[in-house]
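Enquirer: Encoded as structure tokens, here's the structure I'll be asking about.
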Amino acid sequence: MSDTTVGLPRWIYLPAVVGGLFVAVPLVAVVLKVDWSKFGSLITSTSSLAALLLSLQTAAASTALCILLGVPMALVLARSRSVLVRWVRPIFLLPLVLPPVVGGIALLYAFGRLGLIGRYLDAAGIHIAFSTTAVVLAQTFVSLPFLVIALEGTVRSVGADYEAVAATLGARPTTVWRRVTMPMLLPGLVSGAVLAFARSLGEFGATLTFAGSRQGVTRTLPLEIYLQRESDADAAVALSLVLVVIAAVVVAAVGSRRLVTGGVGSGGRR
Amino acid sequence: MTGLQLRAVLEQRRINVELAVAPGEVVAILGANGAGKSSVLHMIAGLLRPDRGSVTVGHRALTDTESGVQVPVHDRRVGLLQQDAMLFPHLPVAANVAFGPRCGDNRRGASGIAQKWLTHVGAQDLSLRMPRELSGGQAQRVALARALAAEPEVLLLDEPMAGLDVATATAMRTLLRQVLTTADRCAVLVTHDLLDVTALADRVLIIDDGRIVESGPVAAVLAAPSTAFAARFAGVNLVAGSAEDDTTLRTTTGRQLAGFGAGNAVIVRDQSVIAVFSPVAVRVDRERPPARAGVSTLEVTVAELDHRGAAIRVRAEPLDAGAAGLAADISGQRAAELRLIPGERVFFTVAADQVAIRPADRA
């Protein structure tokens, strides 16, 4: 059975296939290049494990920070009718399109030793730049908009109508928040957090600029891959595959989450 | 005085209304889209705050702009049932219905109350389902159970049957009639459907441009509408004009319509009057029929033709600017003889004993 009454022009399949191959072939190339006999030892070397562990820790920390800051941001952006909010919205989402290196430089001039805020922190004995904290900040800076955008969409589609209904049933604002708003935002929050985690895990430019590359302190997996590429190409390929697998898991997770969100939304509104 | 009282001015939406609903009474609000019906409901629910005015339920002042009282939505005990069931999608049916009781002081009995109301609306076997697994009619039943389980003193119904098919709407209407009138609670119903009004409401209010232009018992308003909207809603023709004598109406363009004086009101010459008659009483001809005593003939332009059951409704262009067009219901056979096309000039004839003439300012 076919639903299409008017087919696509045939020629459109050519660029579509070319585009698909353009994305798929490099991924296949990485998999083919992996030296499976040494794969285990390559990804468990001291430097690799240190990088992997640091990456997972910092990505987890920045995801938590993104949730902490991003949920209120998404709520305000979606619900506020203030003109000010409408005007500053693009600034909040700027890191989405900003080259990460530029983000790193910006962070350096904000939190670095001589930075806008950093000079006071420095005077207070807090040194952020080129520390693990800097890695987390760099990752949060680039990931936050992903979570905010994903969640903002959910907040908009959920709307304030359910909250109004809950209030007419006698629910106080805190009860509404706990029993209606948060549960309905959960699918969007999960997909936003997964996106933010993935973006944090892959962060390179801002981290290198703002945090540097010290093994076990600021050298995350992407930095390790970049370094290894020079000295030990096989190790770089093996670590790359690890990131490819993590990315694939993320895409699968977000994809299925999106479907669940859609089901919930359409089920409640008839 | 108990029940519900509303007096509200909302400048931005040009609303200025005053209404009272007695305990146990169901009042229907009719009006064109954008006339302000939903805003009135939202002011009662506390979702919208009037610029000036007050809302009182029983002896509780819910809103009083003079003393600055605005009881929050969750403390008003005003339930709201909308066209969209708005069941919480993440909660099963039973938890949806138990939502209200769980917010109150009866936390432990919440699930028992939920089951009671689900049984009441005939949805007890749906209690474990998720909202997305329900049909529109089932969802609306559950939404009604949920609203009632919160034990509101006032129930607001905002076109609750509008999204349902005919059979489901009929079942829902029957159910509403049982639960709305058995309890000592008042209800305000916004609707577009004549069936909703006749089946559920005791009184009807007609809102036009933010003001109540007509009100009264349902039967009285439907039998003798005094506004064009109510006439169209009741499916009758209404012509406004001034009195030529106590049984003849003169339109602004000078046409005359003979009728009979309805009611006891004395009609004097040049007084504003309205004439009401049924479309069934109108005869349609292509040629002007010979003038006869006690019969009025109006030349009109056909605007559209429409099926009404076995009859064909001929709707004419308005006689005067701003007025509603007259309608005539003719048989299919007569329609076949006439073969009317929109835009043609025809003659509507109606006997005087079918035309009720009354003073315009009845309310």
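Chain labels follow the order of the structure tokens: the first chain is A, the next B, and so on; residue numbering restarts at 1 in every chain, and ligands are counted from 1 in their shown order.
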With a cut-off of 10 Å, could you pull out the residues of chain B touching chain A and give me the nearest pair of atoms for each, distance in Å to one decimal, using only C-alpha atoms, ordered by chain and ascending number, as a Markdown table?

Expert:
```
| residue | atom | partner | partner_atom | distance |
| --- | --- | --- | --- | --- |
| B:Ala45 | CA | A:Thr168 | CA | 7.1 |
| B:Gly46 | CA | A:Thr168 | CA | 8.8 |
| B:Leu47 | CA | A:Ala164 | CA | 7.5 |
| B:Pro72 | CA | A:Ala167 | CA | 8.5 |
| B:Val73 | CA | A:Ala167 | CA | 5.7 |
| B:His74 | CA | A:Gly170 | CA | 4.0 |
| B:Asp75 | CA | A:Gly170 | CA | 6.1 |
| B:Arg76 | CA | A:Thr168 | CA | 7.6 |
| B:Arg77 | CA | A:Gly170 | CA | 7.0 |
| B:Val78 | CA | A:Thr168 | CA | 6.2 |
| B:Gly79 | CA | A:Thr168 | CA | 5.5 |
| B:Leu80 | CA | A:Thr168 | CA | 6.6 |
| B:Leu81 | CA | A:Val165 | CA | 8.6 |
| B:Gln82 | CA | A:Val165 | CA | 9.4 |
| B:Gln83 | CA | A:Arg270 | CA | 9.0 |
| B:Asp84 | CA | A:Arg270 | CA | 6.2 |
| B:Ala85 | CA | A:Arg269 | CA | 7.2 |
| B:Met86 | CA | A:Gly268 | CA | 6.0 |
| B:Leu87 | CA | A:Gly268 | CA | 5.7 |
| B:Phe88 | CA | A:Gly268 | CA | 6.4 |
| B:Pro89 | CA | A:Gly268 | CA | 4.9 |
| B:His90 | CA | A:Met184 | CA | 6.7 |
| B:Leu91 | CA | A:Val180 | CA | 9.2 |
| B:Asn96 | CA | A:Ala166 | CA | 9.8 |
| B:Val97 | CA | A:Leu169 | CA | 9.7 |
| B:Ala98 | CA | A:Leu169 | CA | 9.9 |
| B:Phe99 | CA | A:Leu169 | CA | 7.2 |
| B:Gly100 | CA | A:Leu169 | CA | 4.8 |
| B:Pro101 | CA | A:Leu169 | CA | 8.3 |
| B:Arg102 | CA | A:Ala171 | CA | 8.7 |
| B:Cys103 | CA | A:Ala171 | CA | 5.4 |
| B:Gly104 | CA | A:Gly170 | CA | 6.9 |
| B:Met130 | CA | A:Gly267 | CA | 8.5 |
| B:Pro131 | CA | A:Gly268 | CA | 6.0 |
| B:Arg132 | CA | A:Gly267 | CA | 3.6 |
| B:Glu133 | CA | A:Gly267 | CA | 7.1 |
| B:Leu134 | CA | A:Gly267 | CA | 8.1 |
| B:Ser135 | CA | A:Arg270 | CA | 8.5 |
| B:Gly136 | CA | A:Arg270 | CA | 6.4 |
| B:Gly137 | CA | A:Arg270 | CA | 10.0 |
| B:Ala139 | CA | A:Arg270 | CA | 8.6 |
| B:Gln140 | CA | A:Arg270 | CA | 9.7 |
| B:Arg146 | CA | A:Leu169 | CA | 8.0 |
| B:Ala147 | CA | A:Leu169 | CA | 6.7 |
| B:Leu148 | CA | A:Leu169 | CA | 9.1 |
| B:Ala149 | CA | A:Leu169 | CA | 8.6 |
| B:Ala150 | CA | A:Leu169 | CA | 5.6 |
| B:Glu151 | CA | A:Leu169 | CA | 8.7 |
| B:Pro152 | CA | A:Leu169 | CA | 8.2 |
| B:Gly163 | CA | A:Arg270 | CA | 8.2 |
| B:Leu164 | CA | A:Arg270 | CA | 10.0 |
```

Enquirer: Residues of the last selection are to be written out with C-alpha atoms, as a tab-separated table (two decimals), in the first residue's frame.

Expert:
```
chain	number	residue	atom	x	y	z
B	45	ALA	CA	-12.81	30.55	37.63
B	46	GLY	CA	-10.29	33.22	38.60
B	47	LEU	CA	-8.13	32.64	35.52
B	72	PRO	CA	-6.60	32.08	43.94
B	73	VAL	CA	-7.95	29.56	41.43
B	74	HIS	CA	-7.22	26.54	43.64
B	75	ASP	CA	-9.27	27.88	46.58
B	76	ARG	CA	-12.39	28.85	44.62
B	77	ARG	CA	-14.09	25.47	44.29
B	78	VAL	CA	-15.07	26.33	40.77
B	79	GLY	CA	-14.75	23.43	38.33
B	80	LEU	CA	-14.08	23.82	34.64
B	81	LEU	CA	-14.94	21.38	31.87
B	82	GLN	CA	-13.77	22.40	28.43
B	83	GLN	CA	-14.12	21.22	24.86
B	84	ASP	CA	-10.73	19.56	25.24
B	85	ALA	CA	-10.86	16.98	28.05
B	86	MET	CA	-7.34	18.02	29.15
B	87	LEU	CA	-6.70	14.81	31.08
B	88	PHE	CA	-3.18	14.77	32.50
B	89	PRO	CA	-1.41	12.55	29.95
B	90	HIS	CA	1.08	11.10	32.42
B	91	LEU	CA	-1.54	9.83	34.88
B	96	ASN	CA	-6.71	11.82	36.99
B	97	VAL	CA	-10.05	11.60	38.79
B	98	ALA	CA	-8.36	11.30	42.19
B	99	PHE	CA	-6.32	14.44	41.47
B	100	GLY	CA	-8.84	16.84	43.03
B	101	PRO	CA	-9.56	14.80	46.20
B	102	ARG	CA	-5.81	14.28	46.72
B	103	CYS	CA	-5.30	18.04	46.73
B	104	GLY	CA	-7.89	18.46	49.46
B	130	MET	CA	-3.95	6.01	30.13
B	131	PRO	CA	-5.66	9.09	28.64
B	132	ARG	CA	-4.11	8.47	25.20
B	133	GLU	CA	-5.96	5.14	25.06
B	134	LEU	CA	-9.38	6.79	25.39
B	135	SER	CA	-11.79	7.93	22.70
B	136	GLY	CA	-12.94	11.54	22.74
B	137	GLY	CA	-16.23	10.64	24.42
B	139	ALA	CA	-12.00	11.20	27.79
B	140	GLN	CA	-14.78	13.75	28.25
B	146	ARG	CA	-12.52	14.49	37.57
B	147	ALA	CA	-14.23	17.88	37.76
B	148	LEU	CA	-17.05	16.53	39.96
B	149	ALA	CA	-14.68	14.61	42.25
B	150	ALA	CA	-13.17	17.95	43.29
B	151	GLU	CA	-16.66	18.83	44.61
B	152	PRO	CA	-17.00	22.25	43.03
B	163	GLY	CA	-15.68	17.94	19.89
B	164	LEU	CA	-17.88	14.83	20.10
```

Enquirer: Report as JSON, numbers by chain all protein, DNA and RNA residues lying within 9 Å of range 243-246 of chain A, evaluated on only C-alpha atoms, omitting residues in the same chain fewer than 4 positions from it.

Expert: {"A": [27, 198, 201, 202, 221, 222, 239, 250, 251]}

Enquirer: Pick out each residue of range 46-250 of chain B that DSSP on the backbone tags as alpha helix (DSSP H); I need them as a PyMOL selection string.

Expert: chain B and resi 93-103+110-120+136-149+166-182+194-200+218-223+228-234

Enquirer: I'd like the contact shell of Thr132 in chain A - 6 Å cut-off, only C-alpha atoms, skipping same-chain residues fewer than 2 positions apart - returned as a PyMOL selection string.

Expert: chain A and resi 134-135+217-218

Enquirer: State, in Å with one decimal place, the distance from CA of Val148 in chain A to CA of Leu77 in chain A.

Expert: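 Answer for the CA of Val148 in chain A to CA of Leu77 in chain A separation: 8.7 Å.
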
Enquirer: Can you build me a table of range 171-241 of chain B residues sitting at most 12 Å from range 51-68 of chain B, with the closest atom pair per residue and its distance in Å to one decimal, using only C-alpha atoms, sorted by chain and residue number, as a tab-separated table?

Expert:
```
residue	atom	partner	partner_atom	distance
B:Asp184	CA	B:Gly58	CA	11.3
B:Arg185	CA	B:Gly58	CA	10.1
B:Cys186	CA	B:Val57	CA	9.6
B:Ala187	CA	B:Val57	CA	11.5
```

Enquirer: Taking only C-alpha atoms into account, which of B:Gly210, B:Gly263, B:Pro279, B:Gly254 comes nearest Ala32 in chain B?

Expert: B:Gly210

Enquirer: Rounded to one decimal place, report the CA of Arg14 in chain B-CA of Asp158 in chain B distance in Å.

Expert: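 Between CA of Arg14 in chain B and CA of Asp158 in chain B the gap works out to 20.0 Å.
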
Enquirer: Env of Ala199 in chain B: 9 Å cut, atoms = only C-alpha atoms, seq-sep filter 3 positions within chain, self excluded. Answer as a list in words.

Expert: Arg173, Thr174, Arg177, Leu194, Leu195, Asp196 and Asp202 of chain B

Enquirer: Write the residues you've just listed into a file as a compact mmCIF listing (two decimals), in the first residue's frame, and include N, CA, C and O atoms for each of them.

Expert:
```txt
# COMPACT_ATOMS: atom_id res chain seq x y z
N ARG B 173 -24.68 14.34 27.03
CA ARG B 173 -25.73 15.28 27.43
C ARG B 173 -26.65 14.64 28.47
O ARG B 173 -27.01 15.25 29.47
N THR B 174 -27.00 13.37 28.22
CA THR B 174 -27.85 12.63 29.16
C THR B 174 -27.16 12.55 30.52
O THR B 174 -27.76 12.79 31.57
N ARG B 177 -27.11 15.84 32.30
CA ARG B 177 -28.40 16.20 32.86
C ARG B 177 -28.59 15.53 34.22
O ARG B 177 -29.12 16.12 35.15
N LEU B 194 -28.22 24.15 20.13
CA LEU B 194 -29.59 24.29 20.62
C LEU B 194 -29.98 23.11 21.52
O LEU B 194 -30.66 23.28 22.53
N LEU B 195 -29.49 21.90 21.15
CA LEU B 195 -29.82 20.70 21.93
C LEU B 195 -29.28 20.81 23.35
O LEU B 195 -29.95 20.43 24.32
N ASP B 196 -28.05 21.33 23.49
CA ASP B 196 -27.46 21.49 24.82
C ASP B 196 -28.35 22.38 25.68
O ASP B 196 -28.61 22.10 26.85
N ASP B 202 -31.74 25.79 32.45
CA ASP B 202 -33.00 26.33 32.95
C ASP B 202 -33.24 27.71 32.38
O ASP B 202 -34.36 28.07 32.04
```

Enquirer: Find the spatial neighbours of Val21 in chain B, counting only C-alpha atoms, within a cut-off of 8 Å - ignore same-chain residues fewer than 5 positions away - and output them as a list in words.

Expert: Gly3, Leu4, Gln5, Val26, Val27, Cys186, Ala187 and Val188 of chain B

Enquirer: Neighbouring residues of Val266 in chain B were defined as those with any atom within 9 Å, considering only C-alpha atoms; residues of the same chain fewer than 4 positions away were excluded. Please report them as a PyMOL selection string.

Expert: chain B and resi 246+261+358-359

Enquirer: I need the residues in range 23-224 of chain B that are strand (DSSP E) according to DSSP; give them as an NGL selection string.

Expert: :B and (26-30 or 52-57 or 60-64 or 69-70 or 78-82 or 154-158 or 186-190 or 203-208 or 211-217)
